[in-house]
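Structure file final_8.cif (mmCIF, C-alpha atoms and all ligand atoms) is printed below.
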```
data_upload
#
loop_
_atom_site.group_PDB
_atom_site.id
_atom_site.type_symbol
_atom_site.label_atom_id
_atom_site.label_comp_id
_atom_site.auth_asym_id
_atom_site.auth_seq_id
_atom_site.Cartn_x
_atom_site.Cartn_y
_atom_site.Cartn_z
ATOM 1 C CA MET A 9 -9.131 -64.694 12.106
ATOM 2 C CA SER A 10 -7.107 -61.562 12.309
ATOM 3 C CA ARG A 11 -9.198 -59.877 9.703
ATOM 4 C CA TRP A 12 -11.578 -58.355 12.217
ATOM 5 C CA LYS A 13 -8.647 -57.287 14.385
ATOM 6 C CA GLY A 14 -7.019 -55.648 11.437
ATOM 7 C CA SER A 15 -10.085 -53.677 10.517
ATOM 8 C CA LYS A 16 -10.473 -52.571 14.113
ATOM 9 C CA LYS A 17 -6.904 -51.351 14.091
ATOM 10 C CA LEU A 18 -7.581 -49.572 10.845
ATOM 11 C CA ARG A 19 -10.706 -47.983 12.258
ATOM 12 C CA LEU A 20 -8.713 -46.839 15.259
ATOM 13 C CA ARG A 21 -6.142 -45.291 12.964
ATOM 14 C CA LEU A 22 -8.860 -43.596 11.015
ATOM 15 C CA THR A 23 -10.335 -42.217 14.222
ATOM 16 C CA ASN A 24 -6.965 -40.799 15.143
ATOM 17 C CA ARG A 25 -6.597 -39.315 11.692
ATOM 18 C CA ALA A 26 -10.072 -37.849 12.002
ATOM 19 C CA ASP A 27 -9.002 -36.028 15.141
ATOM 20 C CA GLU A 28 -5.972 -34.747 13.323
ATOM 21 C CA VAL A 29 -8.078 -33.616 10.378
ATOM 22 C CA ALA A 30 -10.524 -31.924 12.735
ATOM 23 C CA SER A 31 -7.744 -30.055 14.472
ATOM 24 C CA LEU A 32 -6.206 -29.062 11.128
ATOM 25 C CA ASN A 33 -9.598 -27.869 9.979
ATOM 26 C CA SER A 34 -10.173 -25.790 13.061
ATOM 27 C CA ASP A 35 -6.675 -24.386 12.708
ATOM 28 C CA ARG A 36 -7.476 -23.468 9.129
ATOM 29 C CA GLU A 37 -10.776 -21.910 10.206
ATOM 30 C CA ALA A 38 -8.920 -19.787 12.744
ATOM 31 C CA ARG A 39 -6.394 -18.669 10.161
ATOM 32 C CA LEU A 40 -9.080 -17.870 7.623
ATOM 33 C CA LYS A 41 -10.967 -15.949 10.283
ATOM 34 C CA SER A 42 -7.939 -13.856 11.207
ATOM 35 C CA PHE A 43 -7.152 -13.325 7.534
ATOM 36 C CA ASP A 44 -10.754 -12.182 7.009
ATOM 37 C CA ASP A 45 -10.477 -9.828 9.957
ATOM 38 C CA GLU A 46 -7.265 -8.406 8.573
ATOM 39 C CA THR A 47 -8.743 -8.021 5.111
ATOM 40 C CA GLY A 48 -11.780 -6.292 6.545
ATOM 41 C CA GLU A 49 -9.579 -3.918 8.502
ATOM 42 C CA GLN A 50 -7.513 -3.116 5.427
ATOM 43 C CA ALA A 51 -10.640 -2.511 3.382
ATOM 44 C CA GLU A 52 -11.865 -0.125 6.064
ATOM 45 C CA ASN A 53 -8.558 1.712 6.077
ATOM 46 C CA LEU A 54 -8.624 1.885 2.325
ATOM 47 C CA ALA A 55 -12.137 3.313 2.332
ATOM 48 C CA THR A 56 -11.164 5.890 4.970
ATOM 49 C CA ASN A 57 -8.069 6.861 3.020
ATOM 50 C CA ARG A 58 -10.056 7.139 -0.210
ATOM 51 C CA VAL A 59 -12.498 9.515 1.464
ATOM 52 C CA GLU A 60 -9.631 11.502 2.931
ATOM 53 C CA ARG A 61 -7.955 11.632 -0.472
ATOM 54 C CA GLU A 62 -11.124 12.927 -2.115
ATOM 55 C CA ARG A 63 -11.506 15.483 0.639
ATOM 56 C CA LEU A 64 -7.930 16.709 0.204
ATOM 57 C CA ILE A 65 -8.206 16.866 -3.566
ATOM 58 C CA ALA A 66 -11.444 18.833 -3.207
ATOM 59 C CA ALA A 67 -9.652 21.216 -0.852
ATOM 60 C CA LEU A 68 -6.980 21.956 -3.444
ATOM 61 C CA PRO A 69 -7.393 24.869 -5.814
ATOM 62 C CA LYS A 70 -9.342 23.526 -8.801
ATOM 63 C CA ALA A 71 -6.483 23.635 -11.295
ATOM 64 C CA MET A 72 -4.186 21.898 -8.860
ATOM 65 C CA GLY A 73 -6.680 19.146 -8.114
ATOM 66 C CA ALA A 74 -7.170 18.581 -11.818
ATOM 67 C CA ASP A 75 -3.395 18.455 -12.301
ATOM 68 C CA TYR A 76 -3.072 15.974 -9.529
ATOM 69 C CA ASN A 77 -5.786 13.720 -10.921
ATOM 70 C CA ARG A 78 -4.362 13.914 -14.428
ATOM 71 C CA ILE A 79 -0.873 12.992 -13.247
ATOM 72 C CA SER A 80 -2.073 10.301 -10.886
ATOM 73 C CA LYS A 81 -4.101 8.616 -13.650
ATOM 74 C CA ARG A 82 -1.182 8.632 -16.045
ATOM 75 C CA ILE A 83 1.375 7.230 -13.644
ATOM 76 C CA ARG A 84 1.482 3.499 -13.358
ATOM 77 C CA ASP A 85 1.392 3.261 -9.574
ATOM 78 C CA GLY A 86 -1.119 6.105 -9.323
ATOM 79 C CA ILE A 87 1.076 8.158 -7.023
ATOM 80 C CA ALA A 88 1.291 11.682 -8.321
ATOM 81 C CA VAL A 89 3.752 13.051 -5.811
ATOM 82 C CA ALA A 90 7.412 12.341 -5.188
ATOM 83 C CA GLU A 91 9.843 13.575 -2.618
ATOM 84 C CA ALA A 92 12.700 15.733 -3.823
ATOM 85 C CA ARG A 93 15.741 14.828 -1.783
ATOM 86 C CA ASN A 94 19.450 15.391 -2.242
ATOM 87 C CA GLY A 95 18.773 17.046 -5.570
ATOM 88 C CA ALA A 96 16.916 14.087 -7.028
ATOM 89 C CA CYS A 97 13.368 12.869 -7.541
ATOM 90 C CA MET A 98 12.840 9.951 -5.154
ATOM 91 C CA ALA A 99 10.360 8.259 -7.480
ATOM 92 C CA CYS A 100 12.420 7.975 -10.652
ATOM 93 C CA PHE A 101 15.809 8.945 -9.167
ATOM 94 C CA MET A 102 16.524 11.490 -11.879
ATOM 95 C CA ALA A 103 18.686 14.392 -10.797
ATOM 96 C CA LEU A 104 16.740 17.633 -10.573
ATOM 97 C CA ARG A 105 17.920 20.939 -11.920
ATOM 98 C CA PRO A 106 19.312 22.977 -9.012
ATOM 99 C CA GLN A 107 16.739 25.645 -9.808
ATOM 100 C CA ALA A 108 13.892 23.127 -9.616
ATOM 101 C CA MET A 109 15.212 21.826 -6.309
ATOM 102 C CA ALA A 110 15.326 25.382 -4.958
ATOM 103 C CA GLN A 111 11.743 25.981 -6.103
ATOM 104 C CA VAL A 112 10.580 22.815 -4.403
ATOM 105 C CA ARG A 113 12.300 23.885 -1.193
ATOM 106 C CA ARG A 114 10.629 27.261 -1.305
ATOM 107 C CA GLY A 115 7.284 25.575 -1.782
ATOM 108 C CA GLU A 116 5.662 28.569 -3.428
ATOM 109 C CA GLU A 117 4.681 26.870 -6.646
ATOM 110 C CA ILE A 118 4.016 23.432 -8.065
ATOM 111 C CA VAL A 119 7.172 21.894 -9.454
ATOM 112 C CA THR A 120 7.026 18.641 -11.355
ATOM 113 C CA CYS A 121 9.816 16.227 -12.149
ATOM 114 C CA ASP A 122 11.128 16.692 -15.694
ATOM 115 C CA ASN A 123 11.430 12.971 -16.103
ATOM 116 C CA CYS A 124 8.387 11.341 -14.464
ATOM 117 C CA ASN A 125 6.150 14.420 -14.165
ATOM 118 C CA ARG A 126 5.252 13.773 -10.562
ATOM 119 C CA ILE A 127 4.584 16.733 -8.313
ATOM 120 C CA LEU A 128 7.649 17.218 -6.187
ATOM 121 C CA TYR A 129 7.544 17.982 -2.512
ATOM 122 C CA TYR A 130 10.247 18.729 -0.033
ATOM 123 C CA ALA A 131 10.378 17.167 3.413
ATOM 124 C CA PRO A 132 12.981 18.892 5.578
ATOM 125 C CA SER A 133 15.309 16.260 7.038
ATOM 126 C CA GLY A 134 14.146 14.888 10.354
ATOM 127 C CA SER A 135 10.500 15.596 9.690
ATOM 128 C CA ALA A 136 8.808 12.708 8.003
ATOM 129 C CA PRO A 137 5.887 13.434 5.716
ATOM 130 C CA ALA A 138 2.560 13.473 7.549
ATOM 131 C CA ASN A 139 1.406 10.213 6.040
ATOM 132 C CA PRO A 140 4.412 8.290 4.769
ATOM 133 C CA GLY A 141 2.362 5.347 3.543
ATOM 134 C CA SER A 142 0.595 7.418 0.931
ATOM 135 C CA VAL A 143 3.569 9.265 -0.471
ATOM 136 C CA GLN A 144 6.307 6.697 -0.726
ATOM 137 C CA PRO A 145 7.087 6.009 -4.354
ATOM 138 C CA LYS A 146 7.539 2.284 -3.814
ATOM 139 C CA VAL A 147 4.157 0.899 -2.893
ATOM 140 C CA ALA A 148 2.855 -2.569 -3.437
ATOM 141 C CA HIS A 149 0.336 -2.855 -6.219
ATOM 142 C CA THR A 150 -3.061 -3.812 -4.983
HETATM 143 ZN ZN ZN B 201 10.796 11.837 -11.236
#
```
Please go through the file and, once you have read it, give me the structure as structure tokens.
Amino acid sequence: MSRWKGSKKLRLRLTNRADEVASLNSDREARLKSFDDETGEQAENLATNRVERERLIAALPKAMGADYNRISKRIRDGIAVAEARNGACMACFMALRPQAMAQVRRGEEIVTCDNCNRILYYAPSGSAPANPGSVQPKVAHT
């Protein structure tokens, strides 16, 4: 009777669904592939930046490099520097003593924030830091 017809219809529906599944799968493959590519790129960037970081730390006077490492290990986000702007530390937003702010501006010595102990740096307005990504206090945890 109509049993055979029904199963044929069902098979047809399944075939259609199979196409849909195949296209969804290939879509997923493409997304995974692009995600992989992106991840690989990020990992490369990270490796490059790590090398650069080591190189820069090695270029610092020994005591300063040690200071930097000590501070960076102790701070939760691992960022040992903070911008001093408008008389405040941009990492913890504590107001800085006017004298400390003046010292940071002069840039002749290492000045740390009284509150969060990060090394303060001064970026004259209009000139962004050389590598903003690495010095912004708010960085996603990885
Ligand atoms: Zn601070």
Among listed residues A:Ala66, A:Ala110, A:Cys97, A:Ile118, nearest ligand ZN 201 (chain B) (using all atoms listed in the file): A:Cys97
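Distance annotation: of A:Lys41, A:Arg93, A:Arg25, A:Lys16, the residue with the minimal separation from ligand ZN 201 (chain B) is A:Arg93; atom set is only C-alpha atoms and all ligand atoms.
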List the neighbours of Glu116 in chain A out to 12 Å using all atoms listed in the file; skip same-chain residues closer than 5 positions along the sequence, and give me the result as an MDAnalysis selection string. chainID A and resid 108 110:111 128:130
So which one's closest to ligand ZN 201 (chain B), A:Lys17, A:Arg114, A:Arg105, A:Arg39? Using all atoms listed in the file, please.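 The answer is A:Arg105, which sits nearest to ligand ZN 201 (chain B).
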Output of the PyMOL selection byres (((not hetatm)) within 10 of (chain B and resi 201)), listed as a PyMOL selection string: chain A and resi 88-92+96-104+120-128+145
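Taking CA of Pro132 in chain A as the reference point, CA of Met109 in chain A is found at 12.4 Å.
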So, with only C-alpha atoms as the atoms that count, which of A:Ala55, A:Ile83, A:Val112, A:Ala38 lies closest to Gly95 in chain A? A:Val112
How far is it from CA of Arg84 in chain A to CA of Ala67 in chain A, in Å with one decimal?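 Separation between CA of Arg84 in chain A and CA of Ala67 in chain A: 24.4 Å.
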Restricting the calculation to all atoms listed in the file: of A:Ile87, A:Leu32, A:Val119, A:Ala131, which residue gets closest to Arg61 in chain A?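 Under the stated criterion, the closest residue is A:Ile87.
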Padded axis-aligned box of range 12-26 of chain A (5 Å per side), centre and edge lengths, Å, one decimal, as JSON:
```
{"center_x": -8.9, "center_y": -48.1, "center_z": 12.9, "size_x": 15.4, "size_y": 30.5, "size_z": 14.7}
```
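The coordinates place CA of Arg58 in chain A at 14.6 Å from CA of Tyr76 in chain A.
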